[in-house]
Amino acid sequence: MQNTVLIIDDEKKICSLLARIIELEGFKVFQANTGKEGLKILAAQDVYVVISDVKLPDINGVELVKEIKKIKPYTEVINLTAFGTIQDGVMAMRNGAFDYITKGDDNDKIIPLVYKALDKAKLQFRISELENKVARKYDFTGILGQSKAIKEAIALSEKVAGTDTTVLLLGETGTGKEVFAQAIHYESLRKMKPFVAVNCSGFNHELLESELFGHKEGAFTGAVRDKKGLLEEANEGTLFLDEIGEMNLDLQAKLLRVLENQTFIKVGDTQTSKVNVRIIAATNRDLKTEAESGKFRLDLYYRLSVFSIELPPLSQRKSDILLIAKHYLKEFANKVNKQELLMGDDFAELLLKHNWKGNIRELKNVIERVVILADGNSVTANLLPYEFHALEQQVGETDPMKMEQVEKQHILKVLTYTKGNKTETARLLGIGLTTLYRKIEEYKI
């Protein structure tokens, strides 16, 4: 984007003279003689800095600042006036003007002022671009899949994203609950504010309380200074509570208060703190059953489940497996500077047969491993871990009661357990390493 300035002044000679001075500095300059004309140019062009007279035929230049900011929030405005007043100057700054100067005093000031305004505008444009880039990375278009189950989950998430409603994400481990939480945040009005995630199973009760709510100096041994909690860090944004089912019942009561009136008390404090935060929670447990049995607060469950979204396991979206696998093949190949890898038919067949108990997280890890092992320009079945081949062997069994088949399956299970470590497998089986290699060859494992 070229360095651009828009000058709005009803005195055409002054407008042209000022434009010429600024053009000599290498700027591209647009000119307008009314506020309406200036806004029209602003809407059609990328402009970093606007220099506007205060006295215009159709609008007061101070009021024009607000209209400019509505169209281009990151464009900086300098007000010029023949008869400056303190009241106008204060109002201009309140409306978002970069500066307010009197004509006649501007000869030496205007060019340095334009450069300062330009630097600020460029920084704001750059920050906006980066924020939008982050938002695009985490929006719903980044969620892979064409199956009916995942499309339904996305549709529900898109509907609730624009509200401030609390959301409860349900699903097995590895189904992408944090990915959905991020997408909901970045499609909401809070997208320019913090997204803070915490795994409730990663802390004991006392530490989780301190992490969430913060603490005052001296609240406990080791609390040598005041500490902000994650609730405050997420103020005006979104707090994602993963594995909410692991939270202690006492802590659940404090969280309920946050959900009901957005207030809380820090550990060791007597004063109430207030926040403005949206809560998105996630769990792989049946919270309703646990709440009814007293293992989870029923009132908190109802407050969290205002809008529940069930994320489907990979076993219910088989048609998405190869699509996701191809995506990660490309991503990990780029990371390790390898050429694009093609997927062999035998490789794809085993992916589709696998039960994927670890869901997308497991698929991602498998593909990363495969990319590292791949030598050519394609990935084949022999690169997959033992459990994939064990499943294939079981599918083809004709007589699972034979001793040879039982021994073969047991060796396969132990190899899977040790992740292919033959020395450890031999030790667990209680046989020599040479014997293990012989049996692997004999059974064509």
# chains A, B, ... in the order shown; residues from 1 in each chain; ligands from 1
>>> residues_around(residues="Thr270 (chain A)", least_positions_apart="6", cutoff="12 Å", atoms="only C-alpha atoms", output="list in words")
His215, Lys216, Ala219 and Phe264 of chain A
>>> write_last_selection(atoms="C-alpha atoms", output="PDB file, in the first residue's frame")
ATOM      1  CA  HIS A 215      -4.093 -14.850  44.265  1.00  0.00           C
ATOM      2  CA  LYS A 216      -2.992 -12.084  46.608  1.00  0.00           C
ATOM      3  CA  ALA A 219      -2.257 -16.095  50.316  1.00  0.00           C
ATOM      4  CA  PHE A 264     -15.065 -13.879  41.646  1.00  0.00           C
TER       5      PHE A 264
END
>>> residues_around(residues="Thr166 (chain A)", least_positions_apart="2", cutoff="7 Å", atoms="only C-alpha atoms", output="list in words")
Asp164, Leu168, Arg278, Ile279, Ile280, Leu304, Val306 and Phe307 of chain A
>>> closest_residue(among="A:Thr85, A:Ser315, A:Thr102, A:Thr435", to="His354 (chain A)", atoms="only C-alpha atoms")
A:Ser315
>>> closest_residue(among="A:Val371, A:Leu156, A:Ala426, A:Met343", to="Arg438 (chain A)", atoms="only C-alpha atoms")
A:Ala426
>>> residues_around(residues="Gly174 (chain A)", least_positions_apart="5", cutoff="7 Å", atoms="only C-alpha atoms", output="list in words")
Gly358, Asn359, Ile360 and Arg361 of chain A
>>> select_by_dssp(residues="region 55-260 of chain A", states="helix (DSSP H, G or I)", output="VMD selection string")
chain A and resid 61 to 71 86 to 94 110 to 138 140 to 142 148 to 161 177 to 186 200 to 202 205 to 213 230 to 233 244 to 246 249 to 260
>>> residues_around(residues="Lys103 (chain A)", least_positions_apart="4", cutoff="8 Å", atoms="only C-alpha atoms", output="MDAnalysis selection string")
chainID A and resid 80:83
>>> write_last_selection(atoms="all heavy atoms", output="short mmCIF file (atom, residue, chain, number, x, y, z; two decimals), in the first residue's frame")
data_model
loop_
_atom_site.label_atom_id
_atom_site.label_comp_id
_atom_site.auth_asym_id
_atom_site.auth_seq_id
_atom_site.Cartn_x
_atom_site.Cartn_y
_atom_site.Cartn_z
N LEU A 80 -7.31 20.78 10.69
CA LEU A 80 -6.75 22.12 10.50
C LEU A 80 -7.87 23.14 10.68
O LEU A 80 -8.99 22.92 10.20
CB LEU A 80 -6.17 22.28 9.10
CG LEU A 80 -4.89 21.52 8.75
CD1 LEU A 80 -4.52 21.77 7.30
CD2 LEU A 80 -3.75 21.92 9.66
N THR A 81 -7.57 24.27 11.35
CA THR A 81 -8.58 25.30 11.51
C THR A 81 -7.95 26.68 11.49
O THR A 81 -6.80 26.86 11.91
CB THR A 81 -9.35 25.12 12.84
OG1 THR A 81 -10.33 26.14 12.97
CG2 THR A 81 -8.42 25.16 14.03
N ALA A 82 -8.70 27.65 10.98
CA ALA A 82 -8.20 29.03 10.95
C ALA A 82 -8.34 29.67 12.33
O ALA A 82 -7.54 30.53 12.71
CB ALA A 82 -8.97 29.84 9.91
N PHE A 83 -9.39 29.27 13.07
CA PHE A 83 -9.64 29.85 14.39
C PHE A 83 -9.84 28.72 15.39
O PHE A 83 -10.96 28.27 15.63
CB PHE A 83 -10.88 30.76 14.36
CG PHE A 83 -10.79 31.83 13.30
CD1 PHE A 83 -11.47 31.67 12.09
CD2 PHE A 83 -10.01 32.97 13.49
CE1 PHE A 83 -11.39 32.64 11.10
CE2 PHE A 83 -9.93 33.94 12.50
CZ PHE A 83 -10.60 33.78 11.30
#
>>> closest_residue(among="A:Leu249, A:Thr283, A:Glu131, A:Tyr328", to="Phe296 (chain A)", atoms="only C-alpha atoms")
A:Leu249
>>> residues_around(residues="Ser305 (chain A)", least_positions_apart="3", cutoff="10 Å", atoms="only C-alpha atoms", output="number ranges by chain")
A: 165-170, 280-281, 287-288, 300-302, 308-309
>>> write_last_selection(atoms="N, CA and C atoms", output="short mmCIF file (atom, residue, chain, number, x, y, z; two decimals), in the first residue's frame")
data_model
loop_
_atom_site.label_atom_id
_atom_site.label_comp_id
_atom_site.auth_asym_id
_atom_site.auth_seq_id
_atom_site.Cartn_x
_atom_site.Cartn_y
_atom_site.Cartn_z
N THR A 165 -23.28 -16.67 24.47
CA THR A 165 -23.79 -17.85 25.17
C THR A 165 -22.65 -18.80 25.56
N THR A 166 -22.74 -19.37 26.76
CA THR A 166 -21.80 -20.40 27.19
C THR A 166 -22.01 -21.65 26.35
N VAL A 167 -20.90 -22.29 25.96
CA VAL A 167 -20.97 -23.47 25.09
C VAL A 167 -20.28 -24.64 25.78
N LEU A 168 -20.90 -25.82 25.69
CA LEU A 168 -20.30 -27.05 26.20
C LEU A 168 -20.04 -27.98 25.03
N LEU A 169 -18.76 -28.29 24.80
CA LEU A 169 -18.35 -29.18 23.72
C LEU A 169 -18.16 -30.59 24.27
N LEU A 170 -18.86 -31.55 23.67
CA LEU A 170 -18.82 -32.93 24.13
C LEU A 170 -18.19 -33.81 23.06
N ILE A 280 -16.24 -21.23 27.36
CA ILE A 280 -16.49 -22.42 26.55
C ILE A 280 -15.84 -23.58 27.29
N ALA A 281 -16.61 -24.61 27.58
CA ALA A 281 -16.10 -25.77 28.32
C ALA A 281 -16.14 -27.01 27.44
N LEU A 287 -21.40 -35.75 31.51
CA LEU A 287 -21.57 -34.83 32.64
C LEU A 287 -22.97 -34.92 33.25
N LYS A 288 -23.96 -35.16 32.41
CA LYS A 288 -25.33 -35.22 32.95
C LYS A 288 -25.46 -36.38 33.93
N LEU A 300 -24.32 -26.33 37.92
CA LEU A 300 -23.27 -25.91 36.99
C LEU A 300 -23.44 -26.60 35.64
N TYR A 301 -23.83 -27.87 35.68
CA TYR A 301 -24.06 -28.58 34.41
C TYR A 301 -25.11 -27.87 33.58
N TYR A 302 -26.24 -27.52 34.21
CA TYR A 302 -27.30 -26.84 33.46
C TYR A 302 -26.85 -25.47 32.95
N SER A 308 -25.11 -27.12 23.96
CA SER A 308 -24.17 -28.24 23.86
C SER A 308 -23.96 -28.64 22.41
N ILE A 309 -22.73 -29.00 22.08
CA ILE A 309 -22.40 -29.47 20.73
C ILE A 309 -21.63 -30.78 20.86
#
>>> atom_distance(atom1="CA of Gly432 (chain A)", atom2="CA of Glu387 (chain A)")
22.5 Å
>>> closest_atom_pairs(of="region 407-428 of chain A", to="region 378-385 of chain A", cutoff="9 Å", atoms="only C-alpha atoms", output="tab-separated table")
residue	atom	partner	partner_atom	distance
A:Thr416	CA	A:Pro385	CA	7.6
A:Lys419	CA	A:Pro385	CA	7.4
A:Gly420	CA	A:Pro385	CA	7.8
>>> write_last_selection(atoms="N, CA and C atoms", output="PDB file, in the first residue's frame")
ATOM      1  N   THR A 416       2.874 -54.489  19.329  1.00  0.00           N
ATOM      2  CA  THR A 416       2.102 -53.245  19.335  1.00  0.00           C
ATOM      3  C   THR A 416       2.319 -52.503  20.646  1.00  0.00           C
ATOM      4  N   LYS A 419       5.588 -50.852  20.768  1.00  0.00           N
ATOM      5  CA  LYS A 419       5.794 -49.976  19.613  1.00  0.00           C
ATOM      6  C   LYS A 419       6.914 -50.478  18.707  1.00  0.00           C
ATOM      7  N   GLY A 420       6.973 -51.820  18.537  1.00  0.00           N
ATOM      8  CA  GLY A 420       7.923 -52.419  17.597  1.00  0.00           C
ATOM      9  C   GLY A 420       9.297 -52.708  18.170  1.00  0.00           C
TER      10      GLY A 420
END
>>> atom_distance(atom1="CA of Lys151 (chain A)", atom2="CA of Phe240 (chain A)")
22.1 Å
>>> select_by_dssp(residues="region 222-356 of chain A", states="strand (DSSP E)", output="number ranges by chain")
A: 238-242, 263-265, 272-274, 278-283, 307-310, 342-343
>>> closest_residue(among="A:Lys177, A:Tyr443, A:Lys122, A:Ala97", to="Val406 (chain A)", atoms="only C-alpha atoms")
A:Tyr443
>>> closest_residue(among="A:Leu24, A:Ile71, A:Val370, A:Ile59", to="Ala44 (chain A)", atoms="only C-alpha atoms")
A:Ile71
>>> closest_residue(among="A:Leu311, A:Ile265, A:Ile111, A:Leu42", to="Asn284 (chain A)", atoms="only C-alpha atoms")
A:Leu311
>>> atom_distance(atom1="CA of Ala197 (chain A)", atom2="CA of Glu246 (chain A)")
15.0 Å
